[in-house]
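Listing of data.cif, mmCIF, C-alpha atoms
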data_upload
loop_
_atom_site.label_atom_id
_atom_site.label_comp_id
_atom_site.auth_asym_id
_atom_site.auth_seq_id
_atom_site.Cartn_x
_atom_site.Cartn_y
_atom_site.Cartn_z
CA MET A 2 0.00 0.00 0.00
CA PHE A 3 2.83 2.32 0.93
CA ALA A 4 4.69 1.52 -2.29
CA LYS A 5 1.61 1.97 -4.44
CA LYS A 6 0.97 5.41 -2.93
CA TRP A 7 4.48 6.69 -3.85
CA ILE A 8 4.25 5.22 -7.37
CA SER A 9 1.00 7.10 -7.81
CA ILE A 10 2.59 10.36 -6.65
CA LEU A 11 5.56 9.93 -9.00
CA LEU A 12 3.30 9.22 -11.97
CA THR A 13 1.21 12.27 -11.18
CA ALA A 14 4.34 14.48 -11.01
CA ALA A 15 5.60 13.15 -14.33
CA VAL A 16 2.28 13.89 -16.02
CA MET A 17 2.21 17.44 -14.61
CA THR A 18 5.77 18.08 -15.81
CA ALA A 19 4.92 16.87 -19.30
CA ALA A 20 1.81 19.01 -19.35
CA MET A 21 3.76 22.10 -18.33
CA ALA A 22 6.31 21.45 -21.05
CA GLY A 23 3.50 21.27 -23.59
CA CYS A 24 2.04 24.68 -22.63
CA GLY A 25 3.37 27.52 -24.81
CA GLY A 26 3.75 30.02 -21.93
CA GLN A 27 5.39 27.49 -19.60
CA ALA A 28 7.79 25.67 -21.94
CA ALA A 29 11.34 24.94 -20.76
CA PRO A 30 13.69 27.21 -22.77
CA GLU A 31 15.54 25.48 -25.61
CA GLU A 32 19.33 25.57 -25.21
CA THR A 33 21.66 26.79 -27.93
CA ALA A 34 24.97 25.16 -28.90
CA ALA A 35 26.79 27.72 -26.76
CA GLY A 36 24.84 26.62 -23.70
CA GLN A 37 22.72 29.76 -23.61
CA THR A 38 18.97 29.77 -23.90
CA ARG A 39 17.55 30.97 -27.17
CA ALA A 40 15.74 33.77 -25.33
CA ALA A 41 18.99 34.91 -23.69
CA ALA A 42 20.84 34.80 -26.99
CA VAL A 43 18.22 37.04 -28.57
CA GLU A 44 18.35 39.45 -25.64
CA GLU A 45 22.16 39.71 -25.77
CA LYS A 46 22.37 40.52 -29.48
CA PRO A 47 23.36 44.22 -29.60
CA GLU A 48 21.24 46.65 -31.52
CA PRO A 49 22.94 48.74 -34.25
CA VAL A 50 23.36 52.41 -33.41
CA GLU A 51 23.22 55.20 -35.97
CA VAL A 52 26.58 56.94 -35.56
CA LYS A 53 27.21 60.61 -36.16
CA ALA A 54 30.91 61.17 -35.51
CA GLY A 55 32.76 64.41 -34.97
CA VAL A 56 36.41 64.18 -36.05
CA PHE A 57 38.55 66.87 -34.44
CA TYR A 58 42.04 67.73 -35.78
CA TYR A 59 44.58 69.77 -33.89
CA TYR A 60 45.96 71.67 -36.91
CA GLY A 61 44.89 71.09 -40.49
CA GLN A 62 47.83 73.02 -41.97
CA ASP A 63 50.25 70.32 -40.82
CA ALA A 64 51.13 68.29 -43.93
CA PHE A 65 51.00 64.95 -42.11
CA ILE A 66 47.66 65.77 -40.47
CA SER A 67 46.26 66.68 -43.87
CA ARG A 68 47.29 63.29 -45.23
CA LEU A 69 45.95 61.54 -42.14
CA GLN A 70 42.62 63.32 -42.54
CA ASP A 71 42.32 62.01 -46.10
CA SER A 72 42.93 58.46 -44.85
CA VAL A 73 40.41 58.77 -41.99
CA ASN A 74 37.78 60.23 -44.33
CA THR A 75 38.19 57.28 -46.69
CA ALA A 76 38.11 54.66 -43.91
CA LEU A 77 34.99 56.09 -42.26
CA GLU A 78 33.19 56.38 -45.59
CA GLU A 79 34.02 52.76 -46.45
CA ALA A 80 32.71 51.72 -43.02
CA GLY A 81 29.46 53.64 -43.58
CA ILE A 82 30.09 56.01 -40.67
CA ALA A 83 28.67 59.54 -40.97
CA TYR A 84 31.14 62.20 -39.81
CA GLU A 85 31.99 65.90 -39.76
CA ASN A 86 35.55 67.26 -39.61
CA TYR A 87 36.75 70.13 -37.40
CA ASP A 88 40.08 72.01 -37.41
CA ALA A 89 41.10 73.59 -34.08
CA GLY A 90 43.89 75.70 -35.59
CA ASN A 91 46.26 74.52 -32.83
CA ASP A 92 44.08 76.01 -30.07
CA GLN A 93 42.82 73.71 -27.32
CA GLU A 94 39.97 75.97 -26.18
CA THR A 95 38.75 76.18 -29.77
CA GLN A 96 38.74 72.39 -29.97
CA LEU A 97 36.77 72.03 -26.73
CA GLU A 98 34.19 74.51 -27.96
CA GLN A 99 33.93 72.60 -31.24
CA ILE A 100 33.31 69.41 -29.26
CA ARG A 101 30.56 71.07 -27.21
CA GLU A 102 28.88 72.35 -30.38
CA ALA A 103 29.13 68.94 -32.06
CA ILE A 104 27.54 67.19 -29.07
CA ASP A 105 24.75 69.77 -29.00
CA GLY A 106 24.24 69.07 -32.70
CA GLY A 107 23.68 65.35 -32.14
CA CYS A 108 27.22 63.96 -32.38
CA ASN A 109 27.39 60.62 -30.54
CA LEU A 110 31.03 59.68 -31.15
CA LEU A 111 34.09 61.87 -30.60
CA ILE A 112 37.23 61.12 -32.64
CA VAL A 113 39.85 63.51 -31.29
CA ASN A 114 43.34 64.53 -32.40
CA LEU A 115 44.10 66.46 -29.20
CA VAL A 116 45.72 69.90 -29.43
CA ASP A 117 47.52 69.78 -26.09
CA LYS A 118 49.44 66.61 -26.73
CA GLY A 119 50.26 64.65 -23.61
CA ALA A 120 48.19 66.96 -21.42
CA SER A 121 46.00 64.89 -19.10
CA ALA A 122 44.08 67.98 -18.02
CA SER A 123 42.93 68.72 -21.57
CA SER A 124 42.10 65.13 -22.50
CA SER A 125 40.21 64.75 -19.21
CA ARG A 126 38.06 67.74 -20.14
CA VAL A 127 37.21 66.00 -23.41
CA CYS A 128 36.29 62.84 -21.49
CA ASP A 129 34.15 64.88 -19.08
CA LEU A 130 32.15 66.26 -22.00
CA ALA A 131 31.78 62.75 -23.41
CA ALA A 132 30.72 61.32 -20.04
CA GLN A 133 28.04 64.00 -19.64
CA ALA A 134 26.66 63.06 -23.06
CA GLU A 135 27.22 59.31 -22.43
CA ILE A 136 29.15 58.87 -25.67
CA PRO A 137 32.52 57.23 -26.50
CA VAL A 138 35.82 58.94 -27.30
CA ILE A 139 38.49 57.73 -29.72
CA PHE A 140 41.67 59.76 -29.31
CA PHE A 141 44.24 59.35 -32.09
CA ASN A 142 47.74 60.25 -33.27
CA ARG A 143 48.65 62.44 -30.26
CA ALA A 144 49.30 61.29 -26.69
CA VAL A 145 46.63 62.14 -24.11
CA GLU A 146 48.73 61.49 -20.99
CA SER A 147 52.22 62.55 -19.99
CA GLY A 148 54.99 60.07 -19.26
CA GLY A 149 54.43 58.75 -15.75
CA GLY A 150 50.72 59.57 -15.88
CA GLU A 151 49.63 56.48 -17.77
CA GLY A 152 46.06 55.51 -16.95
CA ILE A 153 44.93 58.85 -15.56
CA VAL A 154 42.75 59.42 -18.61
CA LEU A 155 42.61 56.07 -20.37
CA GLY A 156 41.79 54.34 -17.09
CA GLY A 157 39.48 57.06 -15.84
CA TYR A 158 36.64 56.79 -18.37
CA GLU A 159 35.19 53.44 -19.36
CA ASN A 160 34.36 54.36 -22.96
CA VAL A 161 37.65 55.72 -24.31
CA ALA A 162 40.51 54.47 -26.50
CA LEU A 163 43.70 55.88 -28.00
CA VAL A 164 45.04 54.89 -31.44
CA ILE A 165 48.64 56.01 -31.85
CA SER A 166 52.01 55.05 -33.28
CA ASP A 167 54.63 54.01 -30.73
CA PRO A 168 56.52 57.29 -30.17
CA ALA A 169 59.86 55.61 -29.49
CA GLU A 170 59.71 53.44 -32.60
CA ALA A 171 60.14 56.31 -35.07
CA GLY A 172 63.25 57.53 -33.28
CA HIS A 173 64.81 54.06 -33.29
CA LEU A 174 64.04 53.52 -36.98
CA GLN A 175 65.31 56.96 -37.91
CA GLY A 176 68.46 56.58 -35.82
CA GLN A 177 69.34 53.24 -37.34
CA MET A 178 68.73 54.65 -40.83
CA ILE A 179 70.94 57.69 -40.12
CA GLY A 180 73.70 55.62 -38.55
CA ARG A 181 73.77 53.21 -41.47
CA TYR A 182 73.78 56.02 -44.04
CA VAL A 183 76.57 57.97 -42.32
CA ALA A 184 78.66 54.83 -41.81
CA ASP A 185 78.32 53.94 -45.49
CA HIS A 186 79.03 57.51 -46.73
CA TYR A 187 81.30 58.80 -43.96
CA ASP A 188 83.93 60.54 -46.08
CA GLU A 189 81.26 62.11 -48.27
CA VAL A 190 79.31 63.43 -45.25
CA ASP A 191 82.45 64.69 -43.45
CA LEU A 192 82.68 67.90 -45.49
CA ASN A 193 85.59 69.49 -43.61
CA ASP A 194 87.58 66.25 -43.28
CA ASP A 195 87.96 66.48 -39.50
CA ASP A 196 86.69 62.92 -38.88
CA VAL A 197 83.69 64.28 -36.95
CA ILE A 198 80.13 64.62 -38.26
CA THR A 199 78.37 67.70 -36.86
CA TYR A 200 74.59 67.69 -36.89
CA ALA A 201 71.61 70.00 -36.32
CA MET A 202 68.42 68.70 -34.67
CA PHE A 203 64.91 70.15 -35.05
CA LYS A 204 62.62 68.95 -32.30
CA GLY A 205 59.09 70.27 -32.82
CA GLU A 206 57.12 70.74 -29.58
CA ALA A 207 58.89 71.04 -26.23
CA GLU A 208 56.91 68.54 -24.13
CA ASN A 209 55.57 66.42 -26.96
CA GLN A 210 56.28 62.76 -26.19
CA ASP A 211 56.94 61.93 -29.85
CA ALA A 212 59.38 64.82 -30.12
CA VAL A 213 61.17 63.93 -26.88
CA LEU A 214 61.63 60.26 -27.74
CA ARG A 215 62.51 60.85 -31.38
CA THR A 216 65.12 63.43 -30.38
CA ALA A 217 66.81 61.08 -27.94
CA SER A 218 66.51 57.82 -29.85
CA ALA A 219 67.58 59.14 -33.25
CA VAL A 220 71.00 60.31 -32.06
CA GLU A 221 71.57 57.44 -29.61
CA ASP A 222 70.77 54.76 -32.17
CA ALA A 223 72.80 56.46 -34.90
CA ASN A 224 75.79 56.64 -32.56
CA GLN A 225 75.41 52.98 -31.70
CA VAL A 226 75.66 52.05 -35.38
CA LEU A 227 78.69 54.33 -35.79
CA ALA A 228 80.37 52.80 -32.74
CA GLU A 229 79.93 49.35 -34.23
CA GLU A 230 81.68 50.65 -37.34
CA GLU A 231 84.44 52.19 -35.19
CA ARG A 232 83.48 55.72 -36.18
CA GLN A 233 83.23 58.86 -34.06
CA GLU A 234 79.87 59.76 -32.51
CA LEU A 235 77.77 62.56 -33.99
CA VAL A 236 78.48 65.98 -32.44
CA TYR A 237 75.92 68.77 -32.12
CA PHE A 238 77.01 71.74 -34.21
CA ASP A 239 76.57 74.42 -31.51
CA PRO A 240 78.64 73.72 -28.38
CA ASP A 241 76.80 76.49 -26.48
CA ASN A 242 73.42 74.78 -26.89
CA SER A 243 73.19 72.29 -24.03
CA ASP A 244 69.75 71.05 -25.21
CA ARG A 245 71.24 69.91 -28.53
CA TYR A 246 68.12 70.78 -30.49
CA GLN A 247 66.19 73.75 -31.85
CA LEU A 248 62.52 74.11 -31.00
CA ASP A 249 59.47 75.34 -32.89
CA LEU A 250 58.25 77.84 -30.29
CA ASN A 251 54.76 77.81 -31.84
CA GLY A 252 54.53 74.06 -31.33
CA THR A 253 53.42 73.32 -34.88
CA TRP A 254 56.48 71.41 -36.17
CA SER A 255 56.52 73.89 -39.02
CA ALA A 256 58.66 74.15 -42.10
CA LYS A 257 58.81 77.92 -41.61
CA ALA A 258 60.37 77.70 -38.14
CA ALA A 259 62.97 75.17 -39.27
CA GLU A 260 63.79 77.22 -42.37
CA GLU A 261 64.38 80.36 -40.27
CA TYR A 262 66.57 78.52 -37.79
CA MET A 263 68.57 76.89 -40.55
CA ARG A 264 69.06 80.15 -42.40
CA THR A 265 70.60 81.66 -39.24
CA ASN A 266 72.68 78.52 -38.62
CA LEU A 267 74.20 78.73 -42.07
CA GLN A 268 75.22 82.34 -41.53
CA LEU A 269 77.10 81.42 -38.34
CA TYR A 270 78.55 78.10 -39.41
CA THR A 271 80.15 78.44 -42.80
CA GLU A 272 82.12 76.22 -45.11
CA ALA A 273 84.70 78.98 -45.53
CA ASP A 274 85.38 79.04 -41.78
CA GLY A 275 85.58 75.28 -41.66
CA LYS A 276 82.58 75.18 -39.28
CA MET A 277 80.03 73.00 -40.99
CA ILE A 278 76.61 71.54 -40.33
CA GLU A 279 77.09 68.21 -42.08
CA LEU A 280 73.87 66.41 -41.14
CA ILE A 281 70.31 67.54 -40.34
CA ILE A 282 67.84 65.49 -38.27
CA CYS A 283 64.20 66.58 -38.11
CA ASN A 284 61.37 65.06 -36.10
CA ASN A 285 58.99 65.44 -39.02
CA ASP A 286 59.12 65.94 -42.77
CA ASN A 287 57.67 69.46 -42.62
CA MET A 288 60.74 70.73 -40.79
CA ALA A 289 63.04 68.74 -43.07
CA GLU A 290 61.57 70.50 -46.09
CA GLY A 291 62.07 73.89 -44.42
CA CYS A 292 65.72 73.07 -43.82
CA ILE A 293 66.17 72.05 -47.44
CA ARG A 294 64.82 75.41 -48.62
CA ALA A 295 67.39 77.20 -46.44
CA LEU A 296 70.16 74.93 -47.77
CA GLN A 297 69.15 75.63 -51.34
CA GLU A 298 69.48 79.39 -50.76
CA LYS A 299 73.17 78.69 -50.04
CA GLY A 300 73.58 76.45 -53.06
CA TYR A 301 73.30 73.09 -51.31
CA ASN A 302 70.83 70.29 -52.08
CA THR A 303 69.80 71.46 -55.52
CA ALA A 304 69.68 69.43 -58.68
CA ASP A 305 72.98 71.00 -59.83
CA SER A 306 74.85 71.37 -56.53
CA GLN A 307 78.06 69.48 -55.92
CA VAL A 308 77.40 69.26 -52.16
CA ARG A 309 74.23 67.81 -50.69
CA ILE A 310 73.91 67.81 -46.90
CA PRO A 311 71.97 64.76 -45.64
CA VAL A 312 68.52 65.68 -44.28
CA PHE A 313 66.31 63.15 -42.48
CA GLY A 314 62.67 63.43 -41.39
CA VAL A 315 59.72 61.38 -40.16
CA ASP A 316 56.24 60.80 -41.64
CA GLY A 317 56.74 59.92 -45.30
CA ILE A 318 54.55 62.68 -46.73
CA ASP A 319 54.31 62.74 -50.52
CA SER A 320 56.35 65.91 -51.06
CA SER A 321 59.24 64.54 -48.99
CA LEU A 322 59.16 61.22 -50.80
CA ALA A 323 59.48 63.16 -54.06
CA LEU A 324 62.50 65.06 -52.68
CA ILE A 325 64.11 61.78 -51.64
CA GLU A 326 63.55 60.35 -55.09
CA GLU A 327 65.29 63.42 -56.54
CA GLY A 328 68.20 63.01 -54.11
CA LEU A 329 67.54 66.38 -52.42
CA MET A 330 66.43 64.86 -49.10
CA THR A 331 68.07 61.75 -47.68
CA GLY A 332 65.53 59.73 -45.75
CA THR A 333 62.30 59.46 -43.77
CA VAL A 334 60.30 57.01 -41.67
CA LYS A 335 56.82 56.39 -43.02
CA GLN A 336 53.96 56.78 -40.58
CA ASP A 337 51.15 54.50 -41.76
CA THR A 338 48.09 56.75 -42.02
CA GLY A 339 46.08 53.98 -43.66
CA ALA A 340 46.62 51.63 -40.71
CA ILE A 341 45.76 54.37 -38.19
CA ALA A 342 42.58 55.18 -40.10
CA ALA A 343 41.60 51.50 -40.40
CA CYS A 344 41.81 51.05 -36.63
CA ILE A 345 39.74 54.19 -36.02
CA ALA A 346 37.12 52.89 -38.45
CA LEU A 347 37.10 49.51 -36.65
CA LEU A 348 36.40 51.21 -33.32
CA ALA A 349 33.73 53.44 -34.87
CA GLY A 350 32.16 50.31 -36.37
CA ASN A 351 32.06 48.77 -32.91
CA VAL A 352 30.06 51.77 -31.71
CA HIS A 353 27.69 51.37 -34.65
CA ASN A 354 27.24 47.66 -33.93
CA GLY A 355 26.64 48.17 -30.21
CA LEU A 356 29.83 46.34 -29.24
CA GLU A 357 32.53 47.14 -26.72
CA LEU A 358 34.68 49.99 -28.05
CA THR A 359 37.85 47.89 -28.34
CA ALA A 360 36.22 44.68 -29.61
CA GLY A 361 38.27 42.94 -32.31
CA THR A 362 41.56 44.67 -31.46
CA GLU A 363 43.32 41.61 -30.00
CA SER A 364 45.85 41.49 -32.83
CA TYR A 365 47.15 45.01 -32.13
CA LYS A 366 50.06 45.83 -29.83
CA LYS A 367 48.72 47.32 -26.58
CA ASP A 368 50.25 49.09 -23.59
CA THR A 369 50.56 45.95 -21.51
CA GLU A 370 53.16 47.58 -19.27
CA HIS A 371 50.47 49.76 -17.74
CA GLY A 372 47.58 47.35 -18.25
CA LEU A 373 45.88 49.61 -20.80
CA ASP A 374 44.01 47.44 -23.29
CA ASN A 375 42.54 50.61 -24.81
CA LEU A 376 45.94 52.10 -25.79
CA ILE A 377 46.45 50.67 -29.27
CA TYR A 378 49.80 51.01 -31.05
CA ILE A 379 50.02 51.17 -34.85
CA PRO A 380 53.46 50.20 -36.21
CA TYR A 381 55.41 52.58 -38.43
CA GLY A 382 55.93 51.69 -42.06
CA ASP A 383 59.20 51.40 -43.95
CA THR A 384 62.17 53.73 -43.85
CA VAL A 385 62.87 55.35 -47.21
CA THR A 386 66.32 56.59 -48.24
CA VAL A 387 67.74 58.30 -51.29
CA PRO A 388 68.55 55.79 -54.06
CA ASP A 389 72.25 55.03 -54.55
CA GLU A 390 73.66 56.49 -57.75
CA GLU A 391 74.39 53.08 -59.25
CA GLU A 392 70.71 52.18 -58.89
#
Would you put the structure from the file into structure tokens?
Amino acid sequence: MFAKKWISILLTAAVMTAAMAGCGGQAAPEETAAGQTRAAAVEEKPEPVEVKAGVFYYYGQDAFISRLQDSVNTALEEAGIAYENYDAGNDQETQLEQIREAIDGGCNLLIVNLVDKGASASSSRVCDLAAQAEIPVIFFNRAVESGGGEGIVLGGYENVALVISDPAEAGHLQGQMIGRYVADHYDEVDLNDDDVITYAMFKGEAENQDAVLRTASAVEDANQVLAEEERQELVYFDPDNSDRYQLDLNGTWSAKAAEEYMRTNLQLYTEADGKMIELIICNNDNMAEGCIRALQEKGYNTADSQVRIPVFGVDGIDSSLALIEEGLMTGTVKQDTGAIAACIALLAGNVHNGLELTAGTESYKKDTEHGLDNLIYIPYGDTVTVPDEEE
């Protein structure tokens, strides 16, 4: 009797369970292959977002920024991202006002080439505006934190990323290129035959991380190559300048500033006096081109001149590549605007698709030293040097 009672209860429970499973509103959820319920899978599928991006450039007159803007325009258009470009004219307050106006106009993604490079205070103000509007920020090309302040900005707002080339890499590539060229053409470069190569250095911005690291690495790496070849280290041309560089006081890395400096340099350090500037290192191609114009006024680095002083830059802009092909400029390090733009477009596409901002960036080099998965490094391209005469 006892056994029959429990069998009856079990049968009743089984029937009730089957009945519940057969009712549409009470059915047990069907599991997917990933172990999730179908209902959960549907709920977790992100909804596409219509993106209206504001793209903010620090200074449109910079030749490299102009080329970068063309690449970003193309990449965003190919990704189907609507955008509007803004030029701050190298003024941070202007850029912040442009950002406010863009947000008020319905912008829901900020893509920012910060004016005050490496200034955490300025980039934090951008993030504050973004946080108030609950929209993401993609900084690019220019550092948003100073050395030693890593994570203040990029770790302080959950919806931010930085796409940038590794600032030290350009200096290393340039230095190795310079060292190899000088070692291979030492007697040709040593114009006054004193077995010492004197150089001029044009830095760009004072506190700019790219400028600082390029300035240091270019000379150090060149000297390392020369030491391996048992040659003398490079010597800065002006012994009274303890900084060993000249600075664009306007902070625009301009050809005009470099040209004016170089014109003065050539008046003070002359071939007739045996005091020569035999090598010129510039932290971008704009300044290299300015130096070449000053050299040409003195008869150097023209199509017909017997003496061409080596001039090196960084960026690989089209006009500098043409000068290198003509043998009037010696070398540059290409900065890959297409790769920078492609990464920006990937992040913007993530916003459109409702994904995490940095989704799909696992293959990129990140700032693992400081645990910043949202600091994405884009490698530089090739170095380009003047063709040898026999080629």
Can you tell me, as a tab-separated table (two decimals) with C-alpha atoms, in the coordinates of the input, what residues are no more than 12 Å from Ala340 in chain A when counting all atoms listed in the file, ignoring any on the same chain fewer than 4 positions away?
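Final file, out_2.tsv:
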chain	number	residue	atom	x	y	z
A	69	LEU	CA	45.95	61.54	-42.14
A	72	SER	CA	42.93	58.46	-44.85
A	73	VAL	CA	40.41	58.77	-41.99
A	75	THR	CA	38.19	57.28	-46.69
A	76	ALA	CA	38.11	54.66	-43.91
A	141	PHE	CA	44.24	59.35	-32.09
A	142	ASN	CA	47.74	60.25	-33.27
A	164	VAL	CA	45.04	54.89	-31.44
A	165	ILE	CA	48.64	56.01	-31.85
A	166	SER	CA	52.01	55.05	-33.28
A	335	LYS	CA	56.82	56.39	-43.02
A	336	GLN	CA	53.96	56.78	-40.58
A	344	CYS	CA	41.81	51.05	-36.63
A	345	ILE	CA	39.74	54.19	-36.02
A	346	ALA	CA	37.12	52.89	-38.45
A	347	LEU	CA	37.10	49.51	-36.65
A	365	TYR	CA	47.15	45.01	-32.13
A	377	ILE	CA	46.45	50.67	-29.27
A	378	TYR	CA	49.80	51.01	-31.05
A	379	ILE	CA	50.02	51.17	-34.85
A	380	PRO	CA	53.46	50.20	-36.21
A	381	TYR	CA	55.41	52.58	-38.43
A	382	GLY	CA	55.93	51.69	-42.06
- Item | range 212-229 of chain A environment, 10 Å, all atoms listed in the file, sequence neighbours closer than 2 positions dropped, as an NGL selection string | :A and (167-185 or 187 or 200 or 202-210 or 231-237 or 245-246 or 248 or 254 or 282-285 or 315)
- Query: In terms of the shortest atom-to-atom distance over all atoms listed in the file, which of A:Glu151, A:Glu230, A:Asp129, A:Glu98 is closest to Asp368 in chain A?
  - Reply: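 For Asp368 in chain A, the nearest of the candidates is A:Glu151.
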- Task: List every protein, DNA or RNA residue that has at least one atom no more than 6 Å from (31.8, 62.0, -38.9) in the file's coordinates, counting all atoms listed in the file, and write the result as a PyMOL selection string.
- Result: chain A and resi 53-56+83-85
- Item | Exercise: residues within 12 Å of coordinate (70.1, 64.4, -48.1), counting only C-alpha atoms, as JSON, numbers by chain | {"A": [179, 182, 183, 186, 189, 190, 279, 280, 281, 282, 283, 289, 290, 292, 293, 296, 297, 301, 302, 303, 304, 306, 308, 309, 310, 311, 312, 313, 314, 321, 322, 324, 325, 326, 327, 328, 329, 330, 331, 332, 333, 385, 386, 387, 388, 389]}
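When the PyMOL selection byres ((chain A and resi 64) around 10) is evaluated on the file shown here, the picked residues come out as Tyr60, Gly61, Gln62, Asp63, Phe65, Ile66, Ser67, Arg68, Leu69, Gln70, Trp254, Ser255, Ala256, Asn285, Asp286, Asn287, Asp316, Ile318, Asp319 and Ser320 of chain A.
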- Selected residue of minimal separation from Glu159 in chain A among A:Ala259, A:Val138, A:Met288, A:Ala349, counting only C-alpha atoms: A:Val138
- Query: Hey, what's within 7 Å of Glu260 in chain A if we count all atoms listed in the file and toss same-chain stuff fewer than 5 positions away? As a VMD selection string, please?
  - Reply: chain A and resid 291 to 292 294 to 295
- Expand the PyMOL selection byres ((chain A and resi 348) around 9) into the individual residues it matches in the shown file, reporting them as JSON, numbers by chain. {"A": [139, 162, 343, 344, 345, 346, 347, 349, 350, 351, 352, 353, 357, 358, 359, 360, 361, 362]}
- Please measure the separation of CA of Val145 in chain A and CA of Ile82 in chain A, giving the value in Å to one decimal.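 So the two atoms, CA of Val145 in chain A and CA of Ile82 in chain A, lie 24.2 Å apart.
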- Query: For the atom pair CA of Val52 in chain A and CA of Asn91 in chain A, what is the interatomic distance in Å to one decimal place?
  - Reply: 26.5 Å
- Item | Picked residues, the PyMOL selection byres ((chain A and resi 371) around 12), expected as a PyMOL selection string | chain A and resi 148-153+155-156+367-370+372-376
Could you give me the axis-aligned bounding box of range 105-120 of chain A, with 4 Å of padding per side, as centre plus edge lengths in Å to one decimal, as JSON?
{"center_x": 37.0, "center_y": 64.8, "center_z": -27.1, "size_x": 34.6, "size_y": 18.2, "size_z": 19.3}
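The interatomic distance for the pair CA of Ala258 in chain A and CA of Asp117 in chain A works out to 19.3 Å.
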- Compare A:Val127, A:Leu77, A:Ile112, A:Ala103 by their minimum atom-to-atom distance to Leu163 in chain A, counting all atoms listed in the file, and give me the closest one.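 Residue with the minimum atom-to-atom distance to Leu163 in chain A: A:Ile112.
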- Proximity to Gln307 in chain A - best of A:Ile104, A:Leu192, A:Ala132, A:Ala122, all atoms listed in the file: A:Leu192
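The closest residue to Asn109 in chain A, picked from A:Asn242, A:Gln133, A:Thr95, A:Ser364 and counting all atoms listed in the file, is A:Gln133.
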Could range 349-361 of chain A be completed with N, CA and C atoms and returned as a PDB file, keeping the file's coordinate frame?
ATOM      1  N   ALA A 349      34.999  52.764 -34.560  1.00  0.00           N
ATOM      2  CA  ALA A 349      33.730  53.440 -34.870  1.00  0.00           C
ATOM      3  C   ALA A 349      32.669  52.418 -35.275  1.00  0.00           C
ATOM      4  N   GLY A 350      33.094  51.378 -36.006  1.00  0.00           N
ATOM      5  CA  GLY A 350      32.160  50.310 -36.370  1.00  0.00           C
ATOM      6  C   GLY A 350      31.654  49.563 -35.155  1.00  0.00           C
ATOM      7  N   ASN A 351      32.501  49.403 -34.150  1.00  0.00           N
ATOM      8  CA  ASN A 351      32.060  48.770 -32.910  1.00  0.00           C
ATOM      9  C   ASN A 351      30.947  49.585 -32.250  1.00  0.00           C
ATOM     10  N   VAL A 352      31.103  50.902 -32.267  1.00  0.00           N
ATOM     11  CA  VAL A 352      30.060  51.770 -31.710  1.00  0.00           C
ATOM     12  C   VAL A 352      28.760  51.590 -32.485  1.00  0.00           C
ATOM     13  N   HIS A 353      28.873  51.563 -33.811  1.00  0.00           N
ATOM     14  CA  HIS A 353      27.690  51.370 -34.650  1.00  0.00           C
ATOM     15  C   HIS A 353      26.998  50.036 -34.368  1.00  0.00           C
ATOM     16  N   ASN A 354      27.795  49.002 -34.131  1.00  0.00           N
ATOM     17  CA  ASN A 354      27.240  47.660 -33.930  1.00  0.00           C
ATOM     18  C   ASN A 354      26.866  47.366 -32.479  1.00  0.00           C
ATOM     19  N   GLY A 355      27.014  48.365 -31.614  1.00  0.00           N
ATOM     20  CA  GLY A 355      26.640  48.170 -30.210  1.00  0.00           C
ATOM     21  C   GLY A 355      27.589  47.286 -29.443  1.00  0.00           C
ATOM     22  N   LEU A 356      28.832  47.187 -29.894  1.00  0.00           N
ATOM     23  CA  LEU A 356      29.830  46.340 -29.240  1.00  0.00           C
ATOM     24  C   LEU A 356      30.700  47.157 -28.287  1.00  0.00           C
ATOM     25  N   GLU A 357      31.527  46.458 -27.516  1.00  0.00           N
ATOM     26  CA  GLU A 357      32.530  47.140 -26.720  1.00  0.00           C
ATOM     27  C   GLU A 357      33.444  47.935 -27.650  1.00  0.00           C
ATOM     28  N   LEU A 358      33.913  49.096 -27.191  1.00  0.00           N
ATOM     29  CA  LEU A 358      34.680  49.990 -28.050  1.00  0.00           C
ATOM     30  C   LEU A 358      35.902  49.318 -28.653  1.00  0.00           C
ATOM     31  N   THR A 359      36.596  48.500 -27.871  1.00  0.00           N
ATOM     32  CA  THR A 359      37.850  47.890 -28.340  1.00  0.00           C
ATOM     33  C   THR A 359      37.669  46.457 -28.835  1.00  0.00           C
ATOM     34  N   ALA A 360      36.451  46.043 -29.109  1.00  0.00           N
ATOM     35  CA  ALA A 360      36.220  44.680 -29.610  1.00  0.00           C
ATOM     36  C   ALA A 360      36.991  44.461 -30.920  1.00  0.00           C
ATOM     37  N   GLY A 361      37.577  43.285 -31.080  1.00  0.00           N
ATOM     38  CA  GLY A 361      38.270  42.940 -32.310  1.00  0.00           C
ATOM     39  C   GLY A 361      39.656  43.535 -32.457  1.00  0.00           C
TER      40      GLY A 361
END
